[in-house]
$ cat input_22.cif   # mmCIF, C-alpha atoms and all ligand atoms
data_query
#
loop_
_atom_site.label_atom_id
_atom_site.label_comp_id
_atom_site.auth_asym_id
_atom_site.auth_seq_id
_atom_site.Cartn_x
_atom_site.Cartn_y
_atom_site.Cartn_z
CA MET A 32 0.00 0.00 0.00
CA LYS A 33 1.32 3.42 -0.93
CA PHE A 34 1.33 6.17 1.69
CA PHE A 35 0.61 9.75 0.62
CA ALA A 36 0.71 12.76 2.96
CA ASP A 37 -2.44 14.87 2.85
CA THR A 38 -0.97 18.32 3.43
CA ALA A 39 0.43 21.38 1.68
CA ASP A 40 2.90 22.04 4.51
CA VAL A 41 6.35 21.59 2.97
CA ALA A 42 8.15 21.19 6.32
CA GLU A 43 5.83 18.32 7.32
CA ILE A 44 6.33 16.68 3.92
CA ARG A 45 10.10 17.03 4.15
CA GLU A 46 10.13 15.37 7.59
CA LEU A 47 8.05 12.41 6.35
CA ALA A 48 10.04 12.09 3.12
CA GLU A 49 13.21 11.66 5.19
CA THR A 50 11.79 8.43 6.66
CA GLY A 51 11.75 6.89 3.17
CA LEU A 52 8.12 5.82 3.75
CA LEU A 53 6.40 8.55 1.77
CA ASP A 54 5.17 7.69 -1.73
CA GLY A 55 3.37 10.88 -2.67
CA VAL A 56 1.39 13.92 -1.56
CA THR A 57 -2.17 15.15 -1.93
CA THR A 58 -3.21 18.77 -1.55
CA ASN A 59 -6.55 20.52 -1.88
CA PRO A 60 -7.62 24.19 -1.79
CA THR A 61 -8.41 23.99 1.94
CA LEU A 62 -4.96 22.58 2.75
CA VAL A 63 -3.34 25.27 0.57
CA ALA A 64 -5.27 27.99 2.45
CA LYS A 65 -4.17 26.42 5.76
CA ALA A 66 -0.50 26.39 4.70
CA GLY A 67 -0.80 30.12 3.90
CA ARG A 68 1.68 30.14 1.01
CA ASN A 69 1.57 30.75 -2.73
CA PHE A 70 -0.04 27.66 -4.27
CA LEU A 71 2.15 27.30 -7.34
CA GLU A 72 5.38 27.88 -5.40
CA SER A 73 4.38 25.31 -2.75
CA VAL A 74 3.49 22.69 -5.36
CA ARG A 75 6.81 23.29 -7.14
CA GLU A 76 8.70 22.80 -3.86
CA ILE A 77 6.70 19.71 -2.86
CA ALA A 78 7.29 18.12 -6.27
CA ARG A 79 11.02 18.52 -5.70
CA VAL A 80 10.94 16.98 -2.21
CA VAL A 81 8.83 13.95 -3.22
CA SER A 82 9.52 11.94 -6.37
CA GLY A 83 6.09 10.24 -6.35
CA PRO A 84 2.77 11.75 -7.44
CA VAL A 85 1.85 15.18 -6.06
CA SER A 86 -1.83 16.00 -6.48
CA ALA A 87 -2.61 19.64 -7.27
CA GLU A 88 -6.29 20.54 -7.60
CA VAL A 89 -7.98 22.71 -10.20
CA VAL A 90 -10.54 25.18 -8.86
CA ALA A 91 -12.53 25.91 -12.03
CA ALA A 92 -15.98 24.38 -12.44
CA ASP A 93 -16.17 24.38 -16.23
CA TYR A 94 -14.21 22.15 -18.56
CA ASP A 95 -12.33 24.80 -20.59
CA GLU A 96 -11.11 26.68 -17.54
CA MET A 97 -10.22 23.39 -15.80
CA MET A 98 -8.06 22.45 -18.78
CA ARG A 99 -6.35 25.86 -18.71
CA GLU A 100 -5.56 25.47 -15.00
CA ALA A 101 -4.43 21.87 -15.53
CA GLU A 102 -2.01 23.06 -18.21
CA VAL A 103 -0.35 25.46 -15.74
CA LEU A 104 -0.19 22.81 -13.02
CA ARG A 105 1.15 19.98 -15.15
CA ARG A 106 3.97 22.17 -16.45
CA ILE A 107 5.31 22.48 -12.89
CA ALA A 108 6.83 18.98 -12.82
CA ASP A 109 6.47 15.50 -14.30
CA ASN A 110 5.18 14.06 -11.02
CA ILE A 111 2.13 16.34 -10.79
CA ALA A 112 -1.23 14.56 -10.74
CA ILE A 113 -4.05 16.91 -11.70
CA LYS A 114 -6.85 16.69 -9.18
CA VAL A 115 -10.32 17.21 -10.62
CA PRO A 116 -13.71 17.01 -8.91
CA LEU A 117 -16.10 14.18 -9.67
CA THR A 118 -18.39 16.26 -11.88
CA THR A 119 -19.24 15.93 -15.58
CA ALA A 120 -16.64 18.58 -16.42
CA GLY A 121 -14.11 16.88 -14.13
CA LEU A 122 -14.61 13.48 -15.78
CA LYS A 123 -14.32 15.05 -19.23
CA ALA A 124 -11.09 16.77 -18.17
CA CYS A 125 -9.88 13.45 -16.69
CA LYS A 126 -10.42 11.66 -20.00
CA ALA A 127 -8.64 14.38 -21.98
CA LEU A 128 -5.69 14.70 -19.60
CA THR A 129 -5.06 10.98 -19.11
CA SER A 130 -5.33 10.36 -22.87
CA ASP A 131 -2.49 12.84 -23.09
CA GLY A 132 -0.37 10.92 -20.55
CA THR A 133 -1.04 13.15 -17.53
CA MET A 134 -1.81 11.59 -14.12
CA VAL A 135 -5.27 12.50 -12.84
CA ASN A 136 -6.72 12.13 -9.35
CA VAL A 137 -10.53 12.29 -9.38
CA THR A 138 -11.57 13.65 -6.01
CA LEU A 139 -14.71 14.02 -3.88
CA CYS A 140 -15.96 10.50 -4.66
CA PHE A 141 -18.86 9.34 -2.49
CA SER A 142 -20.38 6.43 -4.43
CA ALA A 143 -19.39 3.26 -6.27
CA ALA A 144 -21.18 4.58 -9.38
CA GLN A 145 -18.95 7.67 -9.36
CA ALA A 146 -15.85 5.51 -8.94
CA LEU A 147 -16.92 3.37 -11.91
CA LEU A 148 -17.25 6.49 -14.07
CA ALA A 149 -13.83 7.77 -12.96
CA ALA A 150 -12.26 4.46 -14.00
CA LYS A 151 -14.02 4.63 -17.36
CA ALA A 152 -12.59 8.15 -17.76
CA GLY A 153 -9.12 6.65 -17.29
CA ALA A 154 -8.40 8.15 -13.86
CA THR A 155 -5.01 7.33 -12.41
CA PHE A 156 -6.45 7.65 -8.90
CA ILE A 157 -9.98 7.71 -7.48
CA SER A 158 -10.29 9.44 -4.11
CA PRO A 159 -13.25 8.19 -2.04
CA PHE A 160 -13.55 10.30 1.14
CA VAL A 161 -14.09 7.78 3.94
CA GLY A 162 -14.09 10.23 6.87
CA ARG A 163 -16.63 12.59 5.34
CA HIS A 164 -18.74 9.56 4.37
CA ASP A 165 -18.71 8.28 7.97
CA ASP A 166 -19.57 11.81 9.19
CA VAL A 167 -22.96 11.73 7.47
CA GLY A 168 -23.91 8.25 8.66
CA PHE A 169 -22.62 6.12 5.77
CA ASP A 170 -19.96 3.42 5.94
CA GLY A 171 -16.84 4.77 4.25
CA MET A 172 -15.08 1.42 4.32
CA ALA A 173 -18.04 -0.37 2.71
CA LEU A 174 -17.60 2.07 -0.19
CA ILE A 175 -13.91 1.13 -0.49
CA ALA A 176 -14.81 -2.58 -0.54
CA ASP A 177 -17.43 -1.96 -3.26
CA ILE A 178 -14.98 -0.04 -5.42
CA ARG A 179 -12.31 -2.74 -4.95
CA LEU A 180 -14.79 -5.41 -6.12
CA ILE A 181 -15.92 -3.41 -9.15
CA TYR A 182 -12.41 -2.46 -10.25
CA ASP A 183 -11.22 -6.07 -9.89
CA ASN A 184 -14.23 -7.34 -11.89
CA TYR A 185 -13.06 -5.33 -14.89
CA ASP A 186 -9.32 -5.11 -14.23
CA PHE A 187 -9.48 -1.33 -14.13
CA ALA A 188 -6.01 0.13 -13.60
CA THR A 189 -7.35 3.11 -11.62
CA GLN A 190 -5.79 3.11 -8.15
CA ILE A 191 -8.07 3.40 -5.13
CA LEU A 192 -6.70 6.29 -3.06
CA VAL A 193 -8.45 6.28 0.31
CA ALA A 194 -8.87 9.92 1.35
CA SER A 195 -10.35 11.84 4.27
CA VAL A 196 -8.61 9.43 6.63
CA ARG A 197 -9.33 10.37 10.24
CA HIS A 198 -7.57 7.72 12.35
CA PRO A 199 -5.11 4.79 12.11
CA MET A 200 -7.88 2.17 11.88
CA HIS A 201 -9.07 3.73 8.61
CA VAL A 202 -5.61 2.90 7.23
CA VAL A 203 -5.63 -0.67 8.57
CA GLU A 204 -9.16 -1.33 7.24
CA ALA A 205 -8.24 0.12 3.85
CA ALA A 206 -5.20 -2.16 3.72
CA ARG A 207 -7.37 -5.20 4.62
CA ILE A 208 -9.64 -4.41 1.71
CA GLY A 209 -6.68 -3.97 -0.62
CA ALA A 210 -6.85 -0.25 -1.38
CA ASP A 211 -3.83 0.82 -3.45
CA VAL A 212 -3.05 4.08 -1.68
CA MET A 213 -4.09 5.98 1.40
CA THR A 214 -3.58 9.66 2.02
CA ALA A 215 -3.58 10.96 5.58
CA PRO A 216 -2.54 14.06 7.51
CA PRO A 217 1.06 13.65 8.77
CA LYS A 218 -0.23 13.45 12.36
CA ILE A 219 -2.05 10.19 11.52
CA ILE A 220 0.98 8.72 9.75
CA HIS A 221 3.01 9.41 12.91
CA GLN A 222 0.23 7.82 15.03
CA LEU A 223 0.57 4.64 12.95
CA ILE A 224 4.12 4.24 14.20
CA LYS A 225 3.30 4.65 17.87
CA HIS A 226 2.45 1.87 20.33
CA PRO A 227 2.80 2.21 24.13
CA LEU A 228 4.25 -1.33 24.42
CA THR A 229 6.95 -0.40 21.87
CA ASP A 230 7.84 2.72 23.88
CA ASN A 231 7.87 0.76 27.17
CA GLY A 232 9.97 -1.99 25.58
CA VAL A 233 12.53 0.46 24.19
CA ALA A 234 12.83 2.19 27.61
CA ALA A 235 13.24 -1.16 29.44
CA PHE A 236 15.87 -2.47 26.99
CA LEU A 237 17.82 0.80 27.28
CA LYS A 238 17.75 0.69 31.08
CA ASP A 239 19.00 -2.93 31.15
CA TRP A 240 21.65 -2.20 28.52
CA GLU A 241 22.98 0.76 30.51
CA GLY A 242 23.33 -1.64 33.48
CA THR A 243 25.79 -3.74 31.47
CA GLY A 244 28.18 -0.75 31.07
CA GLN A 245 28.87 -1.81 27.49
CA THR A 246 28.84 0.13 24.19
CA ILE A 247 28.40 -1.17 20.66
CA VAL A 248 30.66 1.36 18.92
C1 LIG A 301 -7.42 14.23 -0.20
O1 LIG A 301 -7.15 14.17 -1.36
C2 LIG A 301 -8.57 14.97 0.33
O2 LIG A 301 -8.60 16.25 -0.15
C3 LIG A 301 -8.57 14.94 1.84
O3 LIG A 301 -8.21 13.66 2.28
C4 LIG A 301 -9.85 15.43 2.47
O4 LIG A 301 -9.80 15.20 3.85
P1 LIG A 301 -10.82 15.88 4.88
O5 LIG A 301 -12.16 15.26 4.68
O6 LIG A 301 -10.23 15.56 6.22
O7 LIG A 301 -10.83 17.35 4.57
#
$ encode --input "input_22.cif" --output "structure tokens"
Amino acid sequence: MKFFADTADVAEIRELAETGLLDGVTTNPTLVAKAGRNFLESVREIARVVSGPVSAEVVAADYDEMMREAEVLRRIADNIAIKVPLTTAGLKACKALTSDGTMVNVTLCFSAAQALLAAKAGATFISPFVGRHDDVGFDGMALIADIRLIYDNYDFATQILVASVRHPMHVVEAARIGADVMTAPPKIIHQLIKHPLTDNGVAAFLKDWEGTGQTIV
């Protein structure tokens, strides 16, 4: 399973990239506003820090303007994935951009029918939002399982990118189902590493080792 960081904060991305565990980055207009920096400059910097896909989202609602924005974004670097909303214009832009060899992440997916259409439009990634789905009383993970089944039925190459991840168990459940990618805020990726028994074990081993008076180097 690939791990993407869901943030536009370059310092956070740099820190995660140094672990060697980061496969890509997703941004959206809200995350860009939160980071408080120039969008194009941030995306350029992120695409240098991470060699994997970096999703940069268009903000236009109509097809022609979406394509103009996508043109600016895709010129930034080869690893930019254009993020388009799951609308008629977004799917049309997805088809045109992927036919031209550009990676596309179709975002704001809330149904299996939408995911099927994104795959038919040649999407590189489909982003079902599990957290927002759970928030309104639906089962986000059931949606991921449905999409996995449908994509496997037809051997669609579109990668399921589990988005709107709110806690570590979303990641574990998505991995059980066989999602290709998950994107999560850096805080959640750090939470995945932590376990109190690991911390206690490390502290106990260190204490006992110090008692031996030895060093390794
Ligand atoms: C990722 O591509 C999405 O934009 C993101 O995961 C949305 O997360 P949120 O529902 O926490 O805003």
$ closest_residue --input "input_22.cif" --among "A:Ala64, A:Val56, A:Val74, A:Met172" --to "ligand LIG 301 (chain A)" --atoms "all atoms listed in the file"
A:Val56
$ residues_near_ligand --input "input_22.cif" --ligand "ligand LIG 301 (chain A)" --cutoff "7 Å" --atoms "all atoms listed in the file" --output "PyMOL selection string"
chain A and resi 37+57-59+138+158+160+162-163+194-197+214-215
$ write_last_selection --input "input_22.cif" --atoms "C-alpha atoms" --output "mmCIF file, in the coordinates of the input"
data_model
loop_
_atom_site.group_PDB
_atom_site.id
_atom_site.type_symbol
_atom_site.label_atom_id
_atom_site.label_comp_id
_atom_site.auth_asym_id
_atom_site.auth_seq_id
_atom_site.Cartn_x
_atom_site.Cartn_y
_atom_site.Cartn_z
ATOM 1 C CA ASP A 37 -2.440 14.870 2.850
ATOM 2 C CA THR A 57 -2.170 15.150 -1.930
ATOM 3 C CA THR A 58 -3.210 18.770 -1.550
ATOM 4 C CA ASN A 59 -6.550 20.520 -1.880
ATOM 5 C CA THR A 138 -11.570 13.650 -6.010
ATOM 6 C CA SER A 158 -10.290 9.440 -4.110
ATOM 7 C CA PHE A 160 -13.550 10.300 1.140
ATOM 8 C CA GLY A 162 -14.090 10.230 6.870
ATOM 9 C CA ARG A 163 -16.630 12.590 5.340
ATOM 10 C CA ALA A 194 -8.870 9.920 1.350
ATOM 11 C CA SER A 195 -10.350 11.840 4.270
ATOM 12 C CA VAL A 196 -8.610 9.430 6.630
ATOM 13 C CA ARG A 197 -9.330 10.370 10.240
ATOM 14 C CA THR A 214 -3.580 9.660 2.020
ATOM 15 C CA ALA A 215 -3.580 10.960 5.580
#
$ closest_residue --input "input_22.cif" --among "A:Ala234, A:Leu71, A:Val137, A:Ala206" --to "Glu100 in chain A" --atoms "only C-alpha atoms"
A:Leu71
$ atom_distance --input "input_22.cif" --atom1 "CA of Ser73 in chain A" --atom2 "CA of Ser130 in chain A"
26.9 Å
$ atom_distance --input "input_22.cif" --atom1 "CA of Gly244 in chain A" --atom2 "CA of Gly232 in chain A"
19.1 Å
$ closest_residue --input "input_22.cif" --among "A:Ala152, A:Val135, A:Met98, A:Val193" --to "Leu174 in chain A" --atoms "only C-alpha atoms"
A:Val193
$ atom_distance --input "input_22.cif" --atom1 "CA of Thr133 in chain A" --atom2 "CA of Asp109 in chain A"
8.5 Å
$ residues_around --input "input_22.cif" --residues "Ser86 in chain A" --least-positions-apart "2" --cutoff "7 Å" --atoms "all atoms listed in the file" --output "list in words"
Val56, Thr57, Thr58, Pro84, Glu88, Ile111, Ala112, Ile113, Lys114 and Asn136 of chain A
$ closest_residue --input "input_22.cif" --among "A:Val85, A:Ala188, A:Met97, A:Ile175" --to "Ala154 in chain A" --atoms "only C-alpha atoms"
A:Ala188
$ decode --input "input_22.cif" --residues "range 138-165 of chain A" --atoms "N, CA and C atoms" --output "short mmCIF file (atom, residue, chain, number, x, y, z; two decimals), in the first residue's frame"
data_model
loop_
_atom_site.label_atom_id
_atom_site.label_comp_id
_atom_site.auth_asym_id
_atom_site.auth_seq_id
_atom_site.Cartn_x
_atom_site.Cartn_y
_atom_site.Cartn_z
N THR A 138 -11.33 13.47 -7.45
CA THR A 138 -11.57 13.65 -6.01
C THR A 138 -13.04 13.86 -5.69
N LEU A 139 -13.34 13.83 -4.38
CA LEU A 139 -14.71 14.02 -3.88
C LEU A 139 -15.64 12.91 -4.38
N CYS A 140 -15.15 11.66 -4.27
CA CYS A 140 -15.96 10.50 -4.66
C CYS A 140 -16.72 9.97 -3.44
N PHE A 141 -18.02 9.82 -3.60
CA PHE A 141 -18.86 9.34 -2.49
C PHE A 141 -19.76 8.16 -2.88
N SER A 142 -19.56 7.60 -4.08
CA SER A 142 -20.38 6.43 -4.43
C SER A 142 -19.60 5.51 -5.37
N ALA A 143 -20.02 4.25 -5.39
CA ALA A 143 -19.39 3.26 -6.27
C ALA A 143 -19.65 3.63 -7.73
N ALA A 144 -20.84 4.18 -8.00
CA ALA A 144 -21.18 4.58 -9.38
C ALA A 144 -20.20 5.66 -9.86
N GLN A 145 -19.91 6.61 -9.00
CA GLN A 145 -18.95 7.67 -9.36
C GLN A 145 -17.56 7.09 -9.62
N ALA A 146 -17.18 6.13 -8.78
CA ALA A 146 -15.85 5.51 -8.94
C ALA A 146 -15.77 4.74 -10.26
N LEU A 147 -16.88 4.10 -10.64
CA LEU A 147 -16.92 3.37 -11.91
C LEU A 147 -16.73 4.34 -13.07
N LEU A 148 -17.39 5.48 -13.00
CA LEU A 148 -17.25 6.49 -14.07
C LEU A 148 -15.82 7.04 -14.14
N ALA A 149 -15.21 7.25 -12.98
CA ALA A 149 -13.83 7.77 -12.96
C ALA A 149 -12.89 6.78 -13.64
N ALA A 150 -13.10 5.49 -13.37
CA ALA A 150 -12.26 4.46 -14.00
C ALA A 150 -12.47 4.46 -15.51
N LYS A 151 -13.74 4.59 -15.93
CA LYS A 151 -14.02 4.63 -17.36
C LYS A 151 -13.39 5.86 -18.02
N ALA A 152 -13.23 6.93 -17.23
CA ALA A 152 -12.59 8.15 -17.76
C ALA A 152 -11.07 8.04 -17.72
N GLY A 153 -10.57 6.89 -17.27
CA GLY A 153 -9.12 6.65 -17.29
C GLY A 153 -8.35 7.24 -16.12
N ALA A 154 -9.07 7.54 -15.02
CA ALA A 154 -8.40 8.15 -13.86
C ALA A 154 -7.20 7.32 -13.38
N THR A 155 -6.16 8.01 -13.02
CA THR A 155 -5.01 7.33 -12.41
C THR A 155 -5.37 6.94 -10.98
N PHE A 156 -6.03 7.88 -10.28
CA PHE A 156 -6.45 7.65 -8.90
C PHE A 156 -7.92 8.04 -8.74
N ILE A 157 -8.64 7.28 -7.91
CA ILE A 157 -9.98 7.71 -7.48
C ILE A 157 -9.87 7.96 -5.98
N SER A 158 -10.38 9.10 -5.54
CA SER A 158 -10.29 9.44 -4.11
C SER A 158 -11.66 9.40 -3.42
N PRO A 159 -12.05 8.24 -2.87
CA PRO A 159 -13.25 8.19 -2.04
C PRO A 159 -12.91 8.75 -0.66
N PHE A 160 -13.79 9.61 -0.14
CA PHE A 160 -13.55 10.30 1.14
C PHE A 160 -14.20 9.52 2.28
N VAL A 161 -13.47 8.64 2.93
CA VAL A 161 -14.09 7.78 3.94
C VAL A 161 -14.55 8.55 5.19
N GLY A 162 -13.74 9.48 5.65
CA GLY A 162 -14.09 10.23 6.87
C GLY A 162 -15.36 11.04 6.68
N ARG A 163 -15.44 11.77 5.57
CA ARG A 163 -16.63 12.59 5.34
C ARG A 163 -17.86 11.70 5.12
N HIS A 164 -17.65 10.51 4.58
CA HIS A 164 -18.74 9.56 4.37
C HIS A 164 -19.26 9.08 5.73
N ASP A 165 -18.33 8.71 6.62
CA ASP A 165 -18.71 8.28 7.97
C ASP A 165 -19.47 9.41 8.69
#
